[in-house]
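Asker: upload-v3.pdb (PDB, C-alpha atoms) pasted underneath:
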```pdb
ATOM      1  CA  MET A 125      40.182   8.842   4.406
ATOM      2  CA  GLY A 126      39.349   5.147   4.508
ATOM      3  CA  LEU A 127      36.283   3.613   2.857
ATOM      4  CA  LEU A 128      34.998   0.133   3.677
ATOM      5  CA  ALA A 129      32.015  -1.363   1.818
ATOM      6  CA  ASN A 130      30.681  -4.771   2.860
ATOM      7  CA  PRO A 131      29.617  -6.644  -0.313
ATOM      8  CA  SER A 132      27.419  -9.026   1.718
ATOM      9  CA  SER A 133      25.547  -6.504   3.864
ATOM     10  CA  GLY A 134      21.817  -6.116   3.352
ATOM     11  CA  GLN A 135      21.475  -9.535   1.714
ATOM     12  CA  ASP A 136      21.456 -12.196   4.455
ATOM     13  CA  MET A 137      18.869 -14.931   5.003
ATOM     14  CA  ARG A 138      16.519 -12.718   7.049
ATOM     15  CA  ARG A 139      15.022 -11.736   3.681
ATOM     16  CA  LEU A 140      13.567 -15.258   3.516
ATOM     17  CA  VAL A 141      11.701 -14.978   6.828
ATOM     18  CA  SER A 142      10.698 -11.298   6.916
ATOM     19  CA  SER A 143      10.146  -8.181   4.838
ATOM     20  CA  ALA A 144      13.702  -6.896   5.339
ATOM     21  CA  GLU A 145      14.866  -4.823   2.391
ATOM     22  CA  THR A 146      17.549  -6.168   0.077
ATOM     23  CA  VAL A 147      20.308  -3.636  -0.522
ATOM     24  CA  THR A 148      21.389  -4.313  -4.109
ATOM     25  CA  ASN A 149      24.919  -3.969  -5.389
ATOM     26  CA  LEU A 150      23.797  -1.195  -7.745
ATOM     27  CA  ALA A 151      22.311   0.725  -4.811
ATOM     28  CA  LYS A 152      25.624   0.442  -2.954
ATOM     29  CA  VAL A 153      27.644   1.582  -5.969
ATOM     30  CA  ASN A 154      25.370   4.592  -6.468
ATOM     31  CA  GLN A 155      25.519   5.507  -2.782
ATOM     32  CA  ILE A 156      29.327   5.274  -2.757
ATOM     33  CA  ALA A 157      29.481   7.403  -5.927
ATOM     34  CA  ARG A 158      27.399  10.075  -4.213
ATOM     35  CA  VAL A 159      29.743  10.061  -1.205
ATOM     36  CA  LEU A 160      32.740  10.474  -3.492
ATOM     37  CA  ALA A 161      30.956  13.315  -5.316
ATOM     38  CA  GLY A 162      30.441  15.123  -1.992
ATOM     39  CA  LEU A 163      34.090  14.639  -1.081
ATOM     40  CA  ARG A 164      35.201  15.945  -4.468
ATOM     41  CA  ALA A 165      33.104  19.094  -4.079
ATOM     42  CA  ILE A 166      34.908  20.140  -0.876
ATOM     43  CA  GLY A 167      38.438  19.687  -2.113
ATOM     44  CA  PRO A 168      41.512  17.463  -2.310
ATOM     45  CA  CYS A 169      41.189  14.088  -0.606
ATOM     46  CA  LYS A 170      42.966  10.747  -0.850
ATOM     47  CA  VAL A 171      40.689   7.764  -0.315
ATOM     48  CA  LEU A 172      42.018   4.325   0.590
ATOM     49  CA  PHE A 173      39.453   1.577   0.126
ATOM     50  CA  MET A 174      39.091  -2.074   1.047
ATOM     51  CA  PRO A 175      39.214  -4.358  -1.997
ATOM     52  CA  GLU A 176      36.347  -6.865  -2.150
ATOM     53  CA  ARG A 177      34.916  -9.376  -4.606
ATOM     54  CA  LEU A 178      32.397  -7.042  -6.263
ATOM     55  CA  GLY A 179      34.616  -3.998  -6.785
ATOM     56  CA  LEU A 180      31.953  -1.637  -5.426
ATOM     57  CA  VAL A 181      34.196   1.351  -4.723
ATOM     58  CA  GLN A 182      36.119   1.070  -7.976
ATOM     59  CA  SER A 183      32.837   0.927  -9.931
ATOM     60  CA  ALA A 184      31.593   4.028  -8.106
ATOM     61  CA  PHE A 185      34.827   5.899  -8.833
ATOM     62  CA  ASN A 186      34.706   4.876 -12.494
ATOM     63  CA  SER A 187      31.245   6.424 -12.778
ATOM     64  CA  LEU A 188      32.666   9.688 -11.428
ATOM     65  CA  GLN A 189      35.544   9.496 -13.888
ATOM     66  CA  SER A 190      33.041   9.525 -16.734
ATOM     67  CA  LEU A 191      31.765  12.856 -15.407
ATOM     68  CA  VAL A 192      35.317  14.190 -15.415
ATOM     69  CA  ASP A 193      35.527  13.309 -19.082
ATOM     70  CA  ARG A 194      32.397  15.415 -19.576
ATOM     71  CA  GLY A 195      33.954  18.471 -17.981
ATOM     72  CA  VAL A 196      33.223  18.032 -14.252
ATOM     73  CA  PRO A 197      36.509  18.726 -12.390
ATOM     74  CA  GLN A 198      38.029  15.977 -10.254
ATOM     75  CA  ASN A 199      39.168  18.581  -7.674
ATOM     76  CA  GLY A 200      42.011  16.550  -6.200
ATOM     77  CA  LEU A 201      40.075  13.381  -5.390
ATOM     78  CA  SER A 202      42.181  10.207  -5.635
ATOM     79  CA  VAL A 203      40.960   6.686  -4.886
ATOM     80  CA  GLU A 204      43.410   3.846  -4.160
ATOM     81  CA  PRO A 205      42.819   0.220  -3.113
ATOM     82  CA  LEU A 206      44.743  -1.362  -0.287
ATOM     83  CA  GLU A 207      47.163  -3.993  -1.516
ATOM     84  CA  PHE A 208      45.835  -7.297  -0.244
ATOM     85  CA  VAL A 209      43.816 -10.131  -1.735
ATOM     86  CA  PRO A 210      40.339 -10.292  -0.144
ATOM     87  CA  GLN A 211      39.282 -13.643   1.303
ATOM     88  CA  GLY A 212      35.605 -12.795   1.738
ATOM     89  CA  THR A 213      35.739 -13.156   5.538
ATOM     90  CA  PRO A 214      35.468 -10.732   8.490
ATOM     91  CA  GLN A 215      39.280 -10.732   8.559
ATOM     92  CA  ASP A 216      39.219  -8.558   5.425
ATOM     93  CA  THR A 217      37.452  -5.773   7.327
ATOM     94  CA  LEU A 218      39.719  -6.085  10.358
ATOM     95  CA  ALA A 219      42.895  -6.059   8.259
ATOM     96  CA  ALA A 220      41.720  -3.169   6.065
ATOM     97  CA  THR A 221      40.746  -1.027   9.059
ATOM     98  CA  ARG A 222      44.056  -1.708  10.765
ATOM     99  CA  GLU A 223      46.055  -0.750   7.652
ATOM    100  CA  MET A 224      43.992   2.403   7.046
ATOM    101  CA  CYS A 225      44.672   3.599  10.580
ATOM    102  CA  GLU A 226      48.378   2.744  10.310
ATOM    103  CA  ARG A 227      48.589   4.743   7.073
ATOM    104  CA  GLY A 228      47.147   7.832   8.727
ATOM    105  CA  CYS A 229      43.489   7.904   7.737
ATOM    106  CA  SER A 230      41.668  10.601   9.740
ATOM    107  CA  LEU A 231      38.148   9.283   9.041
ATOM    108  CA  LEU A 232      36.617   5.916   8.117
ATOM    109  CA  ILE A 233      33.391   5.728   6.112
ATOM    110  CA  THR A 234      31.594   2.392   6.314
ATOM    111  CA  PHE A 235      28.810   0.919   4.181
ATOM    112  CA  GLY A 236      27.103  -1.882   6.085
ATOM    113  CA  GLY A 237      25.000  -2.707   9.101
ATOM    114  CA  ASP A 238      25.764  -3.011  12.791
ATOM    115  CA  GLY A 239      27.881  -6.141  12.253
ATOM    116  CA  THR A 240      30.135  -4.396   9.741
ATOM    117  CA  ASN A 241      30.678  -1.435  12.044
ATOM    118  CA  ARG A 242      31.392  -3.728  14.977
ATOM    119  CA  LEU A 243      34.371  -5.152  13.075
ATOM    120  CA  VAL A 244      35.642  -1.720  12.038
ATOM    121  CA  ALA A 245      35.334  -0.422  15.602
ATOM    122  CA  MET A 246      37.528  -3.267  16.859
ATOM    123  CA  GLU A 247      40.509  -1.778  14.976
ATOM    124  CA  SER A 248      39.646   1.918  14.518
ATOM    125  CA  ASN A 249      41.066   3.095  17.874
ATOM    126  CA  LYS A 250      40.334   6.867  18.039
ATOM    127  CA  VAL A 251      39.799   7.397  14.301
ATOM    128  CA  PRO A 252      36.173   8.576  13.871
ATOM    129  CA  LEU A 253      33.674   6.556  11.847
ATOM    130  CA  LEU A 254      30.976   7.812   9.506
ATOM    131  CA  PRO A 255      28.700   4.740   9.297
ATOM    132  CA  ILE A 256      26.211   4.733   6.401
ATOM    133  CA  SER A 257      23.306   2.266   6.468
ATOM    134  CA  ALA A 258      23.592  -0.603   4.016
ATOM    135  CA  GLY A 259      22.671  -3.633   6.136
ATOM    136  CA  THR A 260      19.771  -5.412   7.828
ATOM    137  CA  ASN A 261      20.069  -3.959  11.322
ATOM    138  CA  ASN A 262      21.090  -0.308  11.043
ATOM    139  CA  ILE A 263      20.851   1.078  14.567
ATOM    140  CA  PHE A 264      24.471   2.229  14.788
ATOM    141  CA  SER A 265      24.774   3.495  11.211
ATOM    142  CA  PHE A 266      23.082   6.568   9.711
ATOM    143  CA  SER A 267      20.349   6.745   7.125
ATOM    144  CA  CYS A 268      21.714   9.748   5.279
ATOM    145  CA  GLU A 269      21.967  10.753   1.643
ATOM    146  CA  GLY A 270      25.401   9.856   0.258
ATOM    147  CA  THR A 271      26.244  13.280  -1.142
ATOM    148  CA  GLN A 272      25.458  14.840   2.227
ATOM    149  CA  ALA A 273      27.704  12.307   3.967
ATOM    150  CA  GLY A 274      30.510  13.022   1.482
ATOM    151  CA  LEU A 275      30.218  16.755   2.062
ATOM    152  CA  ALA A 276      30.375  16.226   5.834
ATOM    153  CA  ALA A 277      33.405  13.955   5.494
ATOM    154  CA  GLY A 278      35.210  16.482   3.297
ATOM    155  CA  ILE A 279      34.426  19.326   5.679
ATOM    156  CA  PHE A 280      35.675  17.328   8.674
ATOM    157  CA  LEU A 281      38.947  16.484   6.933
ATOM    158  CA  LYS A 282      39.419  20.060   5.756
ATOM    159  CA  ILE A 283      38.810  21.488   9.235
ATOM    160  CA  LEU A 284      41.048  18.853  10.820
ATOM    161  CA  HIS A 285      43.993  19.557   8.526
ATOM    162  CA  SER A 286      43.554  23.201   7.556
ATOM    163  CA  GLY A 287      45.409  24.650  10.530
ATOM    164  CA  THR A 288      43.120  27.687  10.440
ATOM    165  CA  GLY A 289      41.231  26.767  13.563
ATOM    166  CA  LEU A 290      37.568  25.993  14.132
ATOM    167  CA  PRO A 291      34.642  28.407  13.990
ATOM    168  CA  SER A 292      33.678  29.993  17.301
ATOM    169  CA  GLY A 293      31.815  27.528  19.515
ATOM    170  CA  ILE A 294      32.882  24.469  17.475
ATOM    171  CA  SER A 295      35.327  21.831  18.721
ATOM    172  CA  ILE A 296      36.421  18.479  17.344
ATOM    173  CA  ASN A 297      34.662  16.814  20.279
ATOM    174  CA  LYS A 298      31.406  18.396  19.098
ATOM    175  CA  LEU A 299      31.915  17.063  15.581
ATOM    176  CA  ALA A 300      32.740  13.506  16.719
ATOM    177  CA  GLN A 301      31.513  11.838  19.892
ATOM    178  CA  GLN A 302      32.588   8.653  21.611
ATOM    179  CA  HIS A 303      29.978   5.900  21.794
ATOM    180  CA  LYS A 304      29.511   3.112  24.316
ATOM    181  CA  LEU A 305      30.228  -0.571  23.785
ATOM    182  CA  LEU A 306      29.424  -3.886  25.429
ATOM    183  CA  LEU A 307      32.037  -6.461  26.359
ATOM    184  CA  ALA A 308      31.392 -10.185  26.874
ATOM    185  CA  GLU A 309      34.299 -12.162  28.283
ATOM    186  CA  THR A 310      35.498 -15.286  30.032
ATOM    187  CA  ALA A 311      38.979 -16.279  31.138
ATOM    188  CA  SER A 312      39.792 -17.450  27.603
ATOM    189  CA  TRP A 313      38.080 -14.996  25.204
ATOM    190  CA  SER A 314      36.328 -11.646  24.823
ATOM    191  CA  GLU A 315      33.883 -10.184  22.297
ATOM    192  CA  SER A 316      32.504  -6.665  21.902
ATOM    193  CA  ALA A 317      29.321  -5.173  20.456
ATOM    194  CA  LEU A 318      28.158  -1.678  19.581
ATOM    195  CA  ILE A 319      24.395  -2.122  20.057
ATOM    196  CA  ASP A 320      23.496  -5.520  21.532
ATOM    197  CA  LEU A 321      25.083  -8.613  23.044
ATOM    198  CA  ALA A 322      22.893 -11.658  23.592
ATOM    199  CA  ILE A 323      23.070 -15.228  24.827
ATOM    200  CA  SER A 324      21.147 -17.770  22.770
ATOM    201  CA  ARG A 325      20.304 -21.375  23.597
ATOM    202  CA  GLN A 326      21.073 -22.321  20.003
ATOM    203  CA  SER A 327      24.130 -24.554  20.100
ATOM    204  CA  SER A 328      25.570 -23.688  16.680
ATOM    205  CA  VAL A 329      26.655 -20.468  14.985
ATOM    206  CA  GLY A 330      24.920 -21.737  11.841
ATOM    207  CA  GLY A 331      23.822 -18.959   9.463
ATOM    208  CA  ARG A 332      24.696 -16.376  12.158
ATOM    209  CA  ALA A 333      21.565 -14.237  11.731
ATOM    210  CA  ILE A 334      18.730 -14.572  14.239
ATOM    211  CA  TRP A 335      15.051 -13.633  13.894
ATOM    212  CA  ASP A 336      13.317 -15.638  16.652
ATOM    213  CA  ALA A 337      13.438 -14.554  20.312
ATOM    214  CA  ASP A 338      12.259 -17.935  21.669
ATOM    215  CA  CYS A 339      15.837 -19.221  21.703
ATOM    216  CA  LEU A 340      17.244 -16.268  23.663
ATOM    217  CA  GLN A 341      18.366 -16.319  27.284
ATOM    218  CA  ALA A 342      19.455 -12.703  27.824
ATOM    219  CA  VAL A 343      19.940  -9.479  25.834
ATOM    220  CA  PHE A 344      22.212  -6.538  26.791
ATOM    221  CA  VAL A 345      22.098  -3.227  24.914
ATOM    222  CA  THR A 346      23.962   0.072  24.759
ATOM    223  CA  GLN A 347      20.838   1.833  23.464
ATOM    224  CA  CYS A 348      17.230   0.969  22.684
ATOM    225  CA  ALA A 349      13.962   2.511  21.589
ATOM    226  CA  PRO A 350      10.355   1.374  21.140
ATOM    227  CA  GLY A 351       9.849  -0.169  17.722
ATOM    228  CA  ALA A 352      13.582  -0.423  16.981
ATOM    229  CA  SER A 353      14.455  -3.299  14.655
ATOM    230  CA  GLY A 354      16.707  -6.024  16.035
ATOM    231  CA  LEU A 355      17.395  -7.416  19.485
ATOM    232  CA  CYS A 356      17.593  -3.941  21.037
ATOM    233  CA  GLY A 357      13.844  -3.684  20.372
ATOM    234  CA  ILE A 358      13.227  -6.171  23.220
ATOM    235  CA  PRO A 359      14.377  -3.880  26.076
ATOM    236  CA  GLY A 360      13.149  -1.030  23.847
ATOM    237  CA  ALA A 361       9.614  -2.127  24.702
ATOM    238  CA  ILE A 362      10.345  -0.988  28.277
ATOM    239  CA  PHE A 363      13.061   1.686  28.028
ATOM    240  CA  ASP A 364      14.008   4.450  25.610
ATOM    241  CA  ILE A 365      17.785   4.863  25.959
ATOM    242  CA  PRO A 366      19.527   7.229  23.516
ATOM    243  CA  PRO A 367      23.033   6.534  22.150
ATOM    244  CA  HIS A 368      24.855   8.901  24.518
ATOM    245  CA  ALA A 369      22.976   8.121  27.735
ATOM    246  CA  PRO A 370      25.406   7.010  30.494
ATOM    247  CA  HIS A 371      23.741   3.599  30.826
ATOM    248  CA  GLY A 372      22.236   0.724  28.850
ATOM    249  CA  ALA A 373      19.781  -2.078  29.644
ATOM    250  CA  ALA A 374      19.659  -5.823  30.317
ATOM    251  CA  ALA A 375      16.680  -8.040  29.449
ATOM    252  CA  PHE A 376      16.306 -11.590  30.776
ATOM    253  CA  LEU A 377      13.910 -13.882  28.949
ATOM    254  CA  GLY A 378      11.190 -15.682  30.930
ATOM    255  CA  ASN A 379       7.451 -16.028  31.508
ATOM    256  CA  ARG A 380       6.625 -13.223  33.963
ATOM    257  CA  PHE A 381       5.311 -10.796  31.324
ATOM    258  CA  SER A 382       5.453 -10.243  27.566
ATOM    259  CA  VAL A 383       6.282  -7.397  25.201
ATOM    260  CA  GLN A 384       6.083  -6.892  21.451
ATOM    261  CA  ALA A 385       9.366  -6.443  19.617
ATOM    262  CA  VAL A 386      10.498  -6.066  15.995
ATOM    263  CA  LEU A 387      13.155  -8.762  15.587
ATOM    264  CA  THR A 388      13.656  -7.876  11.940
ATOM    265  CA  ALA A 389      11.798  -5.615   9.503
ATOM    266  CA  GLY A 390       8.158  -6.652   9.131
ATOM    267  CA  ARG A 391       8.293  -9.337  11.838
ATOM    268  CA  VAL A 392       6.725  -8.383  15.207
ATOM    269  CA  GLN A 393       6.988 -11.070  17.880
ATOM    270  CA  ASN A 394       5.631 -11.521  21.393
ATOM    271  CA  VAL A 395       8.634 -11.948  23.672
ATOM    272  CA  GLY A 396       8.360 -13.433  27.159
ATOM    273  CA  LEU A 397      10.492 -11.716  29.806
ATOM    274  CA  GLU A 398      11.506 -12.288  33.392
ATOM    275  CA  SER A 399      12.925  -8.775  33.894
ATOM    276  CA  VAL A 400      14.308  -5.708  32.134
ATOM    277  CA  GLU A 401      16.812  -3.670  34.128
ATOM    278  CA  ARG A 402      19.026  -0.636  33.739
ATOM    279  CA  LEU A 403      22.674  -1.494  33.034
ATOM    280  CA  ASN A 404      25.095   1.072  34.465
ATOM    281  CA  MET A 405      28.594   1.801  33.193
ATOM    282  CA  ASN A 406      31.135  -0.835  34.278
ATOM    283  CA  GLN A 407      28.415  -2.796  36.082
ATOM    284  CA  LEU A 408      29.206  -6.526  35.908
ATOM    285  CA  ARG A 409      26.484  -9.026  35.004
ATOM    286  CA  THR A 410      27.064 -12.765  34.635
ATOM    287  CA  VAL A 411      25.181 -15.381  32.628
ATOM    288  CA  LYS A 412      25.752 -19.132  33.072
ATOM    289  CA  VAL A 413      25.424 -21.100  29.857
ATOM    290  CA  SER A 414      25.437 -24.899  29.617
ATOM    291  CA  GLU A 415      25.113 -24.862  25.826
ATOM    292  CA  GLY A 416      24.489 -21.934  23.521
ATOM    293  CA  THR A 417      25.998 -19.106  21.502
ATOM    294  CA  VAL A 418      27.037 -15.486  21.938
ATOM    295  CA  LEU A 419      25.457 -12.956  19.591
ATOM    296  CA  ALA A 420      27.073  -9.596  18.873
ATOM    297  CA  ASP A 421      25.054  -6.952  17.050
ATOM    298  CA  GLY A 422      22.494  -9.472  15.866
ATOM    299  CA  GLU A 423      24.778 -12.285  14.679
ATOM    300  CA  ARG A 424      25.935 -15.489  16.351
ATOM    301  CA  ILE A 425      29.720 -15.333  16.632
ATOM    302  CA  ARG A 426      30.851 -17.865  19.253
ATOM    303  CA  GLU A 427      29.663 -21.253  20.564
ATOM    304  CA  LEU A 428      29.488 -21.825  24.329
ATOM    305  CA  ARG A 429      29.813 -25.008  26.407
ATOM    306  CA  ASN A 430      29.491 -24.881  30.216
ATOM    307  CA  GLU A 431      30.731 -21.325  30.538
ATOM    308  CA  THR A 432      30.023 -18.295  32.699
ATOM    309  CA  VAL A 433      30.026 -15.131  30.590
ATOM    310  CA  GLN A 434      30.668 -11.725  32.142
ATOM    311  CA  ILE A 435      28.941  -8.731  30.517
ATOM    312  CA  THR A 436      29.919  -5.087  31.106
ATOM    313  CA  LEU A 437      29.038  -1.744  29.524
ATOM    314  CA  HIS A 438      31.999   0.533  28.785
ATOM    315  CA  PRO A 439      32.142   4.234  27.796
ATOM    316  CA  GLU A 440      35.283   3.826  25.637
ATOM    317  CA  GLY A 441      33.660   2.793  22.369
ATOM    318  CA  PRO A 442      34.327   4.084  18.857
ATOM    319  CA  TRP A 443      34.280   7.748  17.910
ATOM    320  CA  VAL A 444      31.517   8.646  15.440
ATOM    321  CA  LEU A 445      31.246  11.736  13.259
ATOM    322  CA  ASP A 446      28.106  13.824  13.714
ATOM    323  CA  PHE A 447      27.465  14.668  10.077
ATOM    324  CA  LYS A 448      24.787  17.282  10.864
ATOM    325  CA  ALA A 449      27.053  19.167  13.283
ATOM    326  CA  THR A 450      29.882  18.926  10.757
ATOM    327  CA  LEU A 451      27.753  20.372   7.960
ATOM    328  CA  ALA A 452      26.794  23.222  10.306
ATOM    329  CA  ALA A 453      30.487  23.852  11.039
ATOM    330  CA  GLY A 454      31.135  23.904   7.300
ATOM    331  CA  LEU A 455      28.458  26.530   6.905
ATOM    332  CA  GLN A 456      30.108  28.679   9.592
ATOM    333  CA  HIS A 457      33.470  28.167   7.913
ATOM    334  CA  GLY A 458      32.094  29.308   4.549
ATOM    335  CA  PHE A 459      32.887  26.054   2.762
ATOM    336  CA  PHE A 460      29.683  26.246   0.713
ATOM    337  CA  GLN A 461      30.425  29.749  -0.591
ATOM    338  CA  LEU A 462      32.161  30.304  -3.903
ATOM    339  CA  GLY A 463      34.376  33.259  -4.686
ATOM    340  CA  PRO A 464      33.533  35.855  -7.336
ATOM    341  CA  GLU A 465      33.533  34.670 -10.945
TER     342      GLU A 465
END
```
Would you kindly transcribe this structure into structure tokens?

Answerer:
Amino acid sequence: MGLLANPSSGQDMRRLVSSAETVTNLAKVNQIARVLAGLRAIGPCKVLFMPERLGLVQSAFNSLQSLVDRGVPQNGLSVEPLEFVPQGTPQDTLAATREMCERGCSLLITFGGDGTNRLVAMESNKVPLLPISAGTNNIFSFSCEGTQAGLAAGIFLKILHSGTGLPSGISINKLAQQHKLLLAETASWSESALIDLAISRQSSVGGRAIWDADCLQAVFVTQCAPGASGLCGIPGAIFDIPPHAPHGAAAFLGNRFSVQAVLTAGRVQNVGLESVERLNMNQLRTVKVSEGTVLADGERIRELRNETVQITLHPEGPWVLDFKATLAAGLQHGFFQLGPE
């Protein structure tokens, strides 16, 4: 299994302009420790993790080691860093994900927000993700207790590699489902997003995060819901589109009518719109930009100058583990039962 923890998630500048929660390093270490404890309870597992400047995973594993010294069995859990020197850039996540997949990881657990998972999904291919919330915008990732996530991960790996078959009525495709993604492209580049792609009139990438809709030109989403935090909350004021619906939505900013949207936690803004429309699979939409930036999953990632950007919604996004369905499969498989003393 691969484990990727973003040391910068949950701490960006949106905390200065809103009531967004700060995810402390201690909270991340404790959450990772709980995931490892759940994994250990199910059985043998080798974990490869991405090295980063704070040593979050190693600190979490060290806390578990102290329990081993007090008589709690390790149960075949090993934790090993990948051998590269982190640079503190998105390239760390891309390189770590690529190496984990090349080395045969069957599941990737991520700690971060939508931006972190976007990077992992770019290299994960068909390896399922178990995304755990630890960022500012957490639409793609799950808010689940770490021990529960670790149990689900261990059960999935055990079922996948046991060779004993699945319980009646359970299939791998029911434990992990493929999500949608958005693609923005021109003749010279392409960018993807898991939740939202947007075009901003801001000319510079700057601090990347965005919390003001007045600068936006258009927003495209794979899913949305009323009251959702982030850019997907703009079309979410009109549509409620679940993650596995066969369509998304496109919102074009203007002055025809207004909606209320939560751009970041604790900050509700009136947003002027020209239209909000359904976006079908593989439907091509174009946006002409004289000067601006592309945003992917809430962050500015690319500057634009006199370009026409093509936006499409695709069904071939990342695979994501359904931890509730996996726990139910573990129950059917008897993984929570202990033999006689």

Asker: Hey, what's within 7 Å of A:Leu307 if we count all atoms listed in the file and toss same-chain stuff fewer than 4 positions away? As a VMD selection string, please?

Answerer: chain A and resid 314 to 317 435 to 437

Asker: With C-alpha atoms retained, write the just-selected residues as a PDB file, in the frame of the given file.

Answerer:
```pdb
ATOM      1  CA  SER A 314      36.328 -11.646  24.823  1.00  0.00           C
ATOM      2  CA  GLU A 315      33.883 -10.184  22.297  1.00  0.00           C
ATOM      3  CA  SER A 316      32.504  -6.665  21.902  1.00  0.00           C
ATOM      4  CA  ALA A 317      29.321  -5.173  20.456  1.00  0.00           C
ATOM      5  CA  ILE A 435      28.941  -8.731  30.517  1.00  0.00           C
ATOM      6  CA  THR A 436      29.919  -5.087  31.106  1.00  0.00           C
ATOM      7  CA  LEU A 437      29.038  -1.744  29.524  1.00  0.00           C
TER       8      LEU A 437
END
```

Asker: Since I can't run it myself right now, could you work out what the PyMOL selection byres ((chain A and resi 378-388) around 6) selects here and report it as a ChimeraX atom specification?

Answerer: /A:335,353-355,357-358,377,389,391-398

Asker: Could you tell me how far atom CA of A:Leu160 lies from atom CA of A:Ser265, in Å and to one decimal?

Answerer: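 Atom CA of A:Ser265 lies 18.1 Å from atom CA of A:Leu160.
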
Asker: Could you list the residues chosen by the PyMOL selection byres ((chain A and resi 161) around 10) in this structure as a short mmCIF file (atom, residue, chain, number, x, y, z; two decimals) with C-alpha atoms, in the frame of the given file?

Answerer:
```cif
data_model
loop_
_atom_site.label_atom_id
_atom_site.label_comp_id
_atom_site.auth_asym_id
_atom_site.auth_seq_id
_atom_site.Cartn_x
_atom_site.Cartn_y
_atom_site.Cartn_z
CA GLN A 155 25.52 5.51 -2.78
CA ILE A 156 29.33 5.27 -2.76
CA ALA A 157 29.48 7.40 -5.93
CA ARG A 158 27.40 10.07 -4.21
CA VAL A 159 29.74 10.06 -1.20
CA LEU A 160 32.74 10.47 -3.49
CA GLY A 162 30.44 15.12 -1.99
CA LEU A 163 34.09 14.64 -1.08
CA ARG A 164 35.20 15.94 -4.47
CA ALA A 165 33.10 19.09 -4.08
CA ILE A 166 34.91 20.14 -0.88
CA ALA A 184 31.59 4.03 -8.11
CA PHE A 185 34.83 5.90 -8.83
CA LEU A 188 32.67 9.69 -11.43
CA GLN A 198 38.03 15.98 -10.25
CA LEU A 201 40.08 13.38 -5.39
CA GLY A 270 25.40 9.86 0.26
CA THR A 271 26.24 13.28 -1.14
CA GLN A 272 25.46 14.84 2.23
CA ALA A 273 27.70 12.31 3.97
CA GLY A 274 30.51 13.02 1.48
CA LEU A 275 30.22 16.76 2.06
#
```

Asker: Give as a PDB file with C-alpha atoms, keeping the file's coordinate frame the residues that the PyMOL selection byres ((chain A and resi 444) around 8) matches when applied to the coordinates above.

Answerer:
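Saved file part_25.pdb follows:
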```pdb
ATOM      1  CA  PRO A 252      36.173   8.576  13.871  1.00  0.00           C
ATOM      2  CA  LEU A 253      33.674   6.556  11.847  1.00  0.00           C
ATOM      3  CA  LEU A 254      30.976   7.812   9.506  1.00  0.00           C
ATOM      4  CA  PRO A 255      28.700   4.740   9.297  1.00  0.00           C
ATOM      5  CA  ALA A 300      32.740  13.506  16.719  1.00  0.00           C
ATOM      6  CA  GLN A 301      31.513  11.838  19.892  1.00  0.00           C
ATOM      7  CA  GLN A 302      32.588   8.653  21.611  1.00  0.00           C
ATOM      8  CA  HIS A 303      29.978   5.900  21.794  1.00  0.00           C
ATOM      9  CA  PRO A 442      34.327   4.084  18.857  1.00  0.00           C
ATOM     10  CA  TRP A 443      34.280   7.748  17.910  1.00  0.00           C
ATOM     11  CA  LEU A 445      31.246  11.736  13.259  1.00  0.00           C
ATOM     12  CA  ASP A 446      28.106  13.824  13.714  1.00  0.00           C
TER      13      ASP A 446
END
```

Asker: Here is a test: counting only C-alpha atoms, which residue of A:Glu223, A:Glu269, A:Asp364, A:Asp320 is nearest to A:Glu207?

Answerer: A:Glu223
